[in-house]
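Student: Dropping the structure in here first, questions after.
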There are 2 protein chains.
Amino acid sequence: MAVERADAARNRHAILRAAEELLAQHGPERVSLDAVAARAGVGKGTVFRRFGNRTGLFQELLAERAARLGEAIDSGPPPLGPGAAPTERILSFLDELADLAAKNITLIAAHEQACAADKHQDPTYRRWHDHVVGLIKQIRPEADAEFLGHLMLGSFDGELVRRITGQGGVGRLKAGVRSLATAALS
Amino acid sequence: MAVERADAARNRHAILRAAEELLAQHGPERVSLDAVAARAGVGKGTVFRRFGNRTGLFQELLAERAARLGEAIDSGPPPLGPGAAPTERILSFLDELADLAAKNITLIAAHEQACAADKHQDPTYRRWHDHVVGLIKQIRPEADAEFLGHLMLGSFDGELVRRITGQGGVGRLKAGVRSLATAALS
DNA sequence: AGTCTAAGCGGACTGTCAGTCCGTTTGACT
DNA sequence: AGTCAAACGGACTGACAGTCCGCTTAGACT
């Protein structure tokens, strides 16, 4: 794959920005790709050429927002990155994820809606899941790590995050997740 | 509200049956209300008059399938119904729910998709959640029962149930849920 | 600077579907 | 048999995802 042409790069950026803005302005669901294209000052075909479909757009948006956390867990300093004890790592990861989720509720909701059945196929989700599963296996090799991993990440469902943080703030979310994880891993 | 007219009752039934059949035949998502109406031998307007919208139809379908379990927890014999120790009740409830979910994966998926953001508003879901929350409060009054309740019910997400039971059967689902619940409640 | 061409563009077009509307039919009650 | 509100049905609307294809242009090469 050759280098992206300059105009293509500019448009990709404009589209992502437009999508963000519309997401912030109206709720999720209420953002159509027609509107995104219009706001980005770009033809509809361009949006689809770039991102394939609605799902692709929101996946990319989420990936962008999650990139920093992804690097941190792969190669950042402990306790998030390698080096710390698994339990410590998983707890700090869940903590960070809570922050991320709370800051991006609308995006998460849109993403869930767009991905629908493919939720578990999404690269960002998989990365998180793989990370969590790996750590669970170290802590409790006999547990059903795959399942437990999904349940832990289930805490960050868009609708749920909205409800919980809406009445209790991020602190409530973090506390709940932490106590669940602690219980499940000890 | 007067008694339902005979033709209306007949049609309601025909529509629910048609929806079930189409759901079983094609996947979720791929069932349009046009198709349901056609299959039920009924006009499209009738479907909407009866159920309001897509969400209403699937909610009703789920409510129908969940009715028996609902009665059992409200007034059936222990350990599901009142009388048993809370921990025992919650574990047997989750067990039953796992069976129900495994038997109705397609419906659950369709229901989730149709309800989308209103997931937590759905009467059936609320009933389950209320039940679980009440029991959690008895067992661990200091816990965030509301949040924990959502997490436990999160185990029955359509996509997740498909994955887990698809590779390990209902037993795997039950075991995972049980171990999580036990850990979180002790 | 001029030429070439594949990558990129845009927006009209299609197909699908949820939900509405309104003229027609019918069950139920007298 | 007569009445009429409830119920019916299917044409219609509006919105949107995704496709298609003729036109434009970045940028490589001379």
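As shown in the structure tokens, the chain order sets the letters A, B, ...; within each chain, residues go from 1, and ligands are also counted from 1 in the order they appear.
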Show me, as a VMD selection string, the residues of chain C whose atoms get within 8 Å of chain B, using only C-alpha atoms (C1' of nucleotides) for the distance check.

Tutor: chain C and resid 17 to 19 27

Student: Need to verify the contact set: Thr87 (chain B), 12 Å, only C-alpha atoms (C1' of nucleotides), exclusion of same-chain residues closer than 3 positions in sequence. Can you return it as a ChimeraX atom specification?

Tutor: /B:78-80,82-84,90-94,132-140,178,181-186

Student: Which neighbours of Leu69 (chain B) fall inside 9 Å, counting only C-alpha atoms (C1' of nucleotides), when residues of the same chain fewer than 4 positions from it are skipped, and could you give them as a list in words?

Tutor: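 Surrounding residues, per the criterion: Arg65, Ile73, Asp74, Gly76, Leu80, Phe93, Glu96, Leu97 and Leu100 of chain B.
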
Student: Would you mind exporting N, CA and C atoms of the selected residues as a tab-separated table (two decimals), in the first residue's frame?

Tutor:
chain	number	residue	atom	x	y	z
B	65	ARG	N	-41.92	-14.93	26.39
B	65	ARG	CA	-41.02	-16.05	26.69
B	65	ARG	C	-40.54	-16.02	28.14
B	73	ILE	N	-40.25	-16.40	39.97
B	73	ILE	CA	-39.48	-15.65	40.97
B	73	ILE	C	-40.39	-14.86	41.91
B	74	ASP	N	-41.56	-14.48	41.42
B	74	ASP	CA	-42.46	-13.70	42.27
B	74	ASP	C	-43.21	-14.58	43.27
B	76	GLY	N	-43.36	-18.44	42.85
B	76	GLY	CA	-43.16	-19.88	42.72
B	76	GLY	C	-42.51	-20.45	43.97
B	80	LEU	N	-36.24	-20.69	43.68
B	80	LEU	CA	-36.43	-19.58	42.76
B	80	LEU	C	-37.34	-18.53	43.40
B	93	PHE	N	-31.79	-18.17	40.17
B	93	PHE	CA	-32.35	-17.27	39.15
B	93	PHE	C	-31.40	-17.14	37.96
B	96	GLU	N	-31.49	-20.18	35.81
B	96	GLU	CA	-32.66	-20.25	34.94
B	96	GLU	C	-32.53	-19.27	33.78
B	97	LEU	N	-32.02	-18.11	34.09
B	97	LEU	CA	-31.87	-17.09	33.07
B	97	LEU	C	-30.90	-17.57	31.99
B	100	LEU	N	-32.82	-19.79	29.75
B	100	LEU	CA	-33.71	-18.98	28.93
B	100	LEU	C	-32.94	-18.29	27.82

Student: Work out how far CA of Leu173 (chain B) is from CA of Glu159 (chain B), in Å to one decimal.

Tutor: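 Computing the Euclidean distance for CA of Glu159 (chain B) and CA of Leu173 (chain B) yields 12.4 Å.
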
Student: Within 10 Å of chain B, which residues of chain A are there when counting only C-alpha atoms? Please give them as a PDB file with N, CA and C atoms, in the first residue's frame.

Tutor:
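Heads up, here's the output in result34.pdb:
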ATOM      1  N   PRO A  28     -25.805  10.091  19.698  1.00  0.00           N
ATOM      2  CA  PRO A  28     -25.408   9.037  18.768  1.00  0.00           C
ATOM      3  C   PRO A  28     -26.664   8.703  17.960  1.00  0.00           C
ATOM      4  N   GLU A  29     -26.642   7.721  17.109  1.00  0.00           N
ATOM      5  CA  GLU A  29     -27.762   7.330  16.256  1.00  0.00           C
ATOM      6  C   GLU A  29     -28.202   8.451  15.316  1.00  0.00           C
ATOM      7  N   ALA A 109     -21.495   4.860  22.614  1.00  0.00           N
ATOM      8  CA  ALA A 109     -22.868   4.484  22.268  1.00  0.00           C
ATOM      9  C   ALA A 109     -23.018   4.353  20.757  1.00  0.00           C
ATOM     10  N   ALA A 110     -22.495   5.305  20.019  1.00  0.00           N
ATOM     11  CA  ALA A 110     -22.592   5.263  18.560  1.00  0.00           C
ATOM     12  C   ALA A 110     -21.851   4.041  18.025  1.00  0.00           C
ATOM     13  N   GLU A 112     -21.222   1.205  19.566  1.00  0.00           N
ATOM     14  CA  GLU A 112     -21.963  -0.018  19.862  1.00  0.00           C
ATOM     15  C   GLU A 112     -23.104  -0.215  18.878  1.00  0.00           C
ATOM     16  N   GLN A 113     -23.799   0.866  18.646  1.00  0.00           N
ATOM     17  CA  GLN A 113     -24.934   0.773  17.740  1.00  0.00           C
ATOM     18  C   GLN A 113     -24.467   0.391  16.335  1.00  0.00           C
ATOM     19  N   ALA A 116     -22.990  -3.236  16.377  1.00  0.00           N
ATOM     20  CA  ALA A 116     -24.063  -4.190  16.625  1.00  0.00           C
ATOM     21  C   ALA A 116     -23.509  -5.570  16.935  1.00  0.00           C
ATOM     22  N   ALA A 117     -23.753  -6.495  16.046  1.00  0.00           N
ATOM     23  CA  ALA A 117     -23.407  -7.882  16.313  1.00  0.00           C
ATOM     24  C   ALA A 117     -21.897  -8.129  16.301  1.00  0.00           C
ATOM     25  N   ASP A 118     -21.166  -7.250  15.653  1.00  0.00           N
ATOM     26  CA  ASP A 118     -19.741  -7.489  15.475  1.00  0.00           C
ATOM     27  C   ASP A 118     -18.920  -6.941  16.634  1.00  0.00           C
ATOM     28  N   LYS A 119     -19.608  -6.545  17.659  1.00  0.00           N
ATOM     29  CA  LYS A 119     -18.954  -5.944  18.815  1.00  0.00           C
ATOM     30  C   LYS A 119     -17.621  -6.601  19.142  1.00  0.00           C
ATOM     31  N   HIS A 120     -17.631  -7.904  19.189  1.00  0.00           N
ATOM     32  CA  HIS A 120     -16.438  -8.637  19.618  1.00  0.00           C
ATOM     33  C   HIS A 120     -15.366  -8.719  18.542  1.00  0.00           C
ATOM     34  N   ALA A 143      -9.638 -20.047  36.006  1.00  0.00           N
ATOM     35  CA  ALA A 143     -10.895 -19.367  35.686  1.00  0.00           C
ATOM     36  C   ALA A 143     -11.186 -19.387  34.190  1.00  0.00           C
ATOM     37  N   ASP A 144     -12.425 -19.102  33.818  1.00  0.00           N
ATOM     38  CA  ASP A 144     -12.792 -18.960  32.418  1.00  0.00           C
ATOM     39  C   ASP A 144     -12.446 -17.530  32.017  1.00  0.00           C
ATOM     40  N   ALA A 145     -11.167 -17.340  31.694  1.00  0.00           N
ATOM     41  CA  ALA A 145     -10.664 -15.980  31.488  1.00  0.00           C
ATOM     42  C   ALA A 145     -11.378 -15.258  30.354  1.00  0.00           C
ATOM     43  N   GLU A 146     -11.658 -15.983  29.302  1.00  0.00           N
ATOM     44  CA  GLU A 146     -12.288 -15.339  28.152  1.00  0.00           C
ATOM     45  C   GLU A 146     -13.638 -14.733  28.538  1.00  0.00           C
ATOM     46  N   PHE A 147     -14.429 -15.534  29.202  1.00  0.00           N
ATOM     47  CA  PHE A 147     -15.754 -15.095  29.630  1.00  0.00           C
ATOM     48  C   PHE A 147     -15.637 -13.956  30.635  1.00  0.00           C
ATOM     49  N   LEU A 148     -14.812 -14.165  31.615  1.00  0.00           N
ATOM     50  CA  LEU A 148     -14.640 -13.146  32.652  1.00  0.00           C
ATOM     51  C   LEU A 148     -14.158 -11.827  32.056  1.00  0.00           C
ATOM     52  N   HIS A 150     -14.836 -10.672  29.096  1.00  0.00           N
ATOM     53  CA  HIS A 150     -15.988  -9.996  28.492  1.00  0.00           C
ATOM     54  C   HIS A 150     -16.855  -9.342  29.564  1.00  0.00           C
ATOM     55  N   LEU A 151     -17.039 -10.027  30.658  1.00  0.00           N
ATOM     56  CA  LEU A 151     -17.891  -9.460  31.706  1.00  0.00           C
ATOM     57  C   LEU A 151     -17.297  -8.187  32.279  1.00  0.00           C
ATOM     58  N   MET A 152     -15.983  -8.211  32.483  1.00  0.00           N
ATOM     59  CA  MET A 152     -15.353  -6.997  33.006  1.00  0.00           C
ATOM     60  C   MET A 152     -15.510  -5.845  32.030  1.00  0.00           C
ATOM     61  N   LEU A 153     -15.267  -6.122  30.762  1.00  0.00           N
ATOM     62  CA  LEU A 153     -15.408  -5.052  29.776  1.00  0.00           C
ATOM     63  C   LEU A 153     -16.864  -4.635  29.615  1.00  0.00           C
ATOM     64  N   GLY A 154     -17.760  -5.538  29.978  1.00  0.00           N
ATOM     65  CA  GLY A 154     -19.182  -5.200  29.941  1.00  0.00           C
ATOM     66  C   GLY A 154     -19.521  -4.010  30.825  1.00  0.00           C
ATOM     67  N   SER A 155     -18.675  -3.738  31.784  1.00  0.00           N
ATOM     68  CA  SER A 155     -18.897  -2.573  32.649  1.00  0.00           C
ATOM     69  C   SER A 155     -18.868  -1.273  31.873  1.00  0.00           C
ATOM     70  N   PHE A 156     -18.295  -1.309  30.673  1.00  0.00           N
ATOM     71  CA  PHE A 156     -18.110  -0.062  29.947  1.00  0.00           C
ATOM     72  C   PHE A 156     -19.086   0.085  28.794  1.00  0.00           C
ATOM     73  N   ASP A 157     -20.132  -0.658  28.847  1.00  0.00           N
ATOM     74  CA  ASP A 157     -21.252  -0.477  27.936  1.00  0.00           C
ATOM     75  C   ASP A 157     -21.735   0.966  28.011  1.00  0.00           C
ATOM     76  N   GLY A 158     -22.010   1.546  26.841  1.00  0.00           N
ATOM     77  CA  GLY A 158     -22.331   2.968  26.789  1.00  0.00           C
ATOM     78  C   GLY A 158     -23.494   3.379  27.674  1.00  0.00           C
ATOM     79  N   GLU A 159     -24.587   2.664  27.532  1.00  0.00           N
ATOM     80  CA  GLU A 159     -25.783   3.005  28.284  1.00  0.00           C
ATOM     81  C   GLU A 159     -25.527   2.898  29.793  1.00  0.00           C
ATOM     82  N   LEU A 160     -24.828   1.850  30.161  1.00  0.00           N
ATOM     83  CA  LEU A 160     -24.535   1.629  31.573  1.00  0.00           C
ATOM     84  C   LEU A 160     -23.641   2.726  32.129  1.00  0.00           C
ATOM     85  N   VAL A 161     -22.617   3.069  31.381  1.00  0.00           N
ATOM     86  CA  VAL A 161     -21.710   4.126  31.821  1.00  0.00           C
ATOM     87  C   VAL A 161     -22.485   5.430  32.005  1.00  0.00           C
ATOM     88  N   ARG A 163     -25.614   5.847  32.773  1.00  0.00           N
ATOM     89  CA  ARG A 163     -26.432   5.767  33.990  1.00  0.00           C
ATOM     90  C   ARG A 163     -25.598   5.925  35.242  1.00  0.00           C
ATOM     91  N   ILE A 164     -24.525   5.170  35.293  1.00  0.00           N
ATOM     92  CA  ILE A 164     -23.740   5.120  36.527  1.00  0.00           C
ATOM     93  C   ILE A 164     -22.995   6.426  36.775  1.00  0.00           C
ATOM     94  N   ARG A 172     -17.930   6.461  40.940  1.00  0.00           N
ATOM     95  CA  ARG A 172     -18.823   5.335  41.182  1.00  0.00           C
ATOM     96  C   ARG A 172     -18.519   4.188  40.228  1.00  0.00           C
ATOM     97  N   LEU A 173     -18.289   4.555  38.977  1.00  0.00           N
ATOM     98  CA  LEU A 173     -17.955   3.539  37.980  1.00  0.00           C
ATOM     99  C   LEU A 173     -16.675   2.806  38.372  1.00  0.00           C
ATOM    100  N   ALA A 175     -15.220   2.569  41.261  1.00  0.00           N
ATOM    101  CA  ALA A 175     -15.359   1.786  42.493  1.00  0.00           C
ATOM    102  C   ALA A 175     -16.048   0.458  42.220  1.00  0.00           C
ATOM    103  N   GLY A 176     -17.114   0.522  41.444  1.00  0.00           N
ATOM    104  CA  GLY A 176     -17.852  -0.695  41.145  1.00  0.00           C
ATOM    105  C   GLY A 176     -17.005  -1.692  40.385  1.00  0.00           C
ATOM    106  N   VAL A 177     -16.335  -1.209  39.372  1.00  0.00           N
ATOM    107  CA  VAL A 177     -15.504  -2.077  38.553  1.00  0.00           C
ATOM    108  C   VAL A 177     -14.391  -2.690  39.401  1.00  0.00           C
ATOM    109  N   SER A 179     -14.254  -3.158  42.607  1.00  0.00           N
ATOM    110  CA  SER A 179     -14.669  -4.140  43.605  1.00  0.00           C
ATOM    111  C   SER A 179     -15.058  -5.458  42.924  1.00  0.00           C
ATOM    112  N   LEU A 180     -15.663  -5.339  41.757  1.00  0.00           N
ATOM    113  CA  LEU A 180     -15.986  -6.566  41.035  1.00  0.00           C
ATOM    114  C   LEU A 180     -14.717  -7.315  40.647  1.00  0.00           C
ATOM    115  N   ALA A 181     -13.785  -6.587  40.061  1.00  0.00           N
ATOM    116  CA  ALA A 181     -12.555  -7.231  39.605  1.00  0.00           C
ATOM    117  C   ALA A 181     -11.802  -7.860  40.773  1.00  0.00           C
ATOM    118  N   THR A 182     -11.723  -7.122  41.851  1.00  0.00           N
ATOM    119  CA  THR A 182     -11.029  -7.647  43.019  1.00  0.00           C
ATOM    120  C   THR A 182     -11.672  -8.945  43.498  1.00  0.00           C
ATOM    121  N   ALA A 183     -12.989  -8.906  43.580  1.00  0.00           N
ATOM    122  CA  ALA A 183     -13.698 -10.098  44.045  1.00  0.00           C
ATOM    123  C   ALA A 183     -13.472 -11.271  43.098  1.00  0.00           C
ATOM    124  N   ALA A 184     -13.558 -10.997  41.825  1.00  0.00           N
ATOM    125  CA  ALA A 184     -13.477 -12.086  40.852  1.00  0.00           C
ATOM    126  C   ALA A 184     -12.074 -12.665  40.743  1.00  0.00           C
ATOM    127  N   LEU A 185     -11.089 -11.892  41.155  1.00  0.00           N
ATOM    128  CA  LEU A 185      -9.712 -12.333  40.933  1.00  0.00           C
ATOM    129  C   LEU A 185      -9.012 -12.830  42.185  1.00  0.00           C
ATOM    130  N   SER A 186      -9.708 -12.816  43.300  1.00  0.00           N
ATOM    131  CA  SER A 186      -9.009 -13.216  44.521  1.00  0.00           C
ATOM    132  C   SER A 186      -9.437 -14.601  44.991  1.00  0.00           C
TER     133      SER A 186
END

Student: Tell me which protein, DNA and RNA residues are within 12 Å of DT3 (chain C), counting only C-alpha atoms (C1' of nucleotides), leaving out same-chain ones fewer than 5 positions away, and put them as an NGL selection string.

Tutor: :D and (27-30)

Student: Can I get the selection written as a CSV table (one decimal), in the first residue's frame, with C-alpha atoms (C1' of nucleotides)?

Tutor:
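Written file, out-v1.csv:
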chain,number,residue,atom,x,y,z
D,27,DG,C1',2.3,13.9,-8.0
D,28,DA,C1',5.7,11.0,-10.5
D,29,DC,C1',8.5,11.0,-14.3
D,30,DT,C1',10.5,13.3,-18.3

Student: Name the residues in contact with Arg30 (chain A) at a cut-off of 12 Å, using only C-alpha atoms (C1' of nucleotides), excluding same-chain residues fewer than 6 positions from it; report them as a PDB file with C-alpha atoms (C1' of nucleotides), in the first residue's frame.

Tutor:
ATOM      1  CA  ALA A  19     -18.105  12.989  12.855  1.00  0.00           C
ATOM      2  CA  LEU A  22     -21.856  15.927  15.016  1.00  0.00           C
ATOM      3  CA  LEU A  23     -21.642  13.273  17.686  1.00  0.00           C
ATOM      4  CA  ALA A  24     -21.105  15.897  20.338  1.00  0.00           C
ATOM      5  CA  VAL A  36     -20.935  13.751   8.215  1.00  0.00           C
ATOM      6  CA  THR A 106     -21.495   9.373  23.099  1.00  0.00           C
ATOM      7  CA  LEU A 107     -18.867   7.847  20.887  1.00  0.00           C
ATOM      8  CA  ALA A 109     -22.868   4.484  22.268  1.00  0.00           C
ATOM      9  CA  ALA A 110     -22.592   5.263  18.560  1.00  0.00           C
ATOM     10  CA  GLN A 113     -24.934   0.773  17.740  1.00  0.00           C
ATOM     11  CA  ALA A 114     -22.901   0.751  14.542  1.00  0.00           C
TER      12      ALA A 114
ATOM     13  C1'  DA D  15     -34.462   8.812   6.083  1.00  0.00           C
ATOM     14  C1'  DC D  16     -30.554   6.494   5.440  1.00  0.00           C
TER      15       DC D  16
END

Student: Between CA of Arg68 (chain B) and CA of Asp95 (chain B), what is the spacing in Å?

Tutor: 14.4 Å

Student: Select from chain B everything DSSP, run on the backbone, classes as helix (DSSP H, G or I), then give the selection as a VMD selection string.

Tutor: chain B and resid 6 to 25 33 to 40 44 to 51 54 to 75 86 to 103 105 to 121 123 to 139 145 to 156 158 to 166 169 to 185
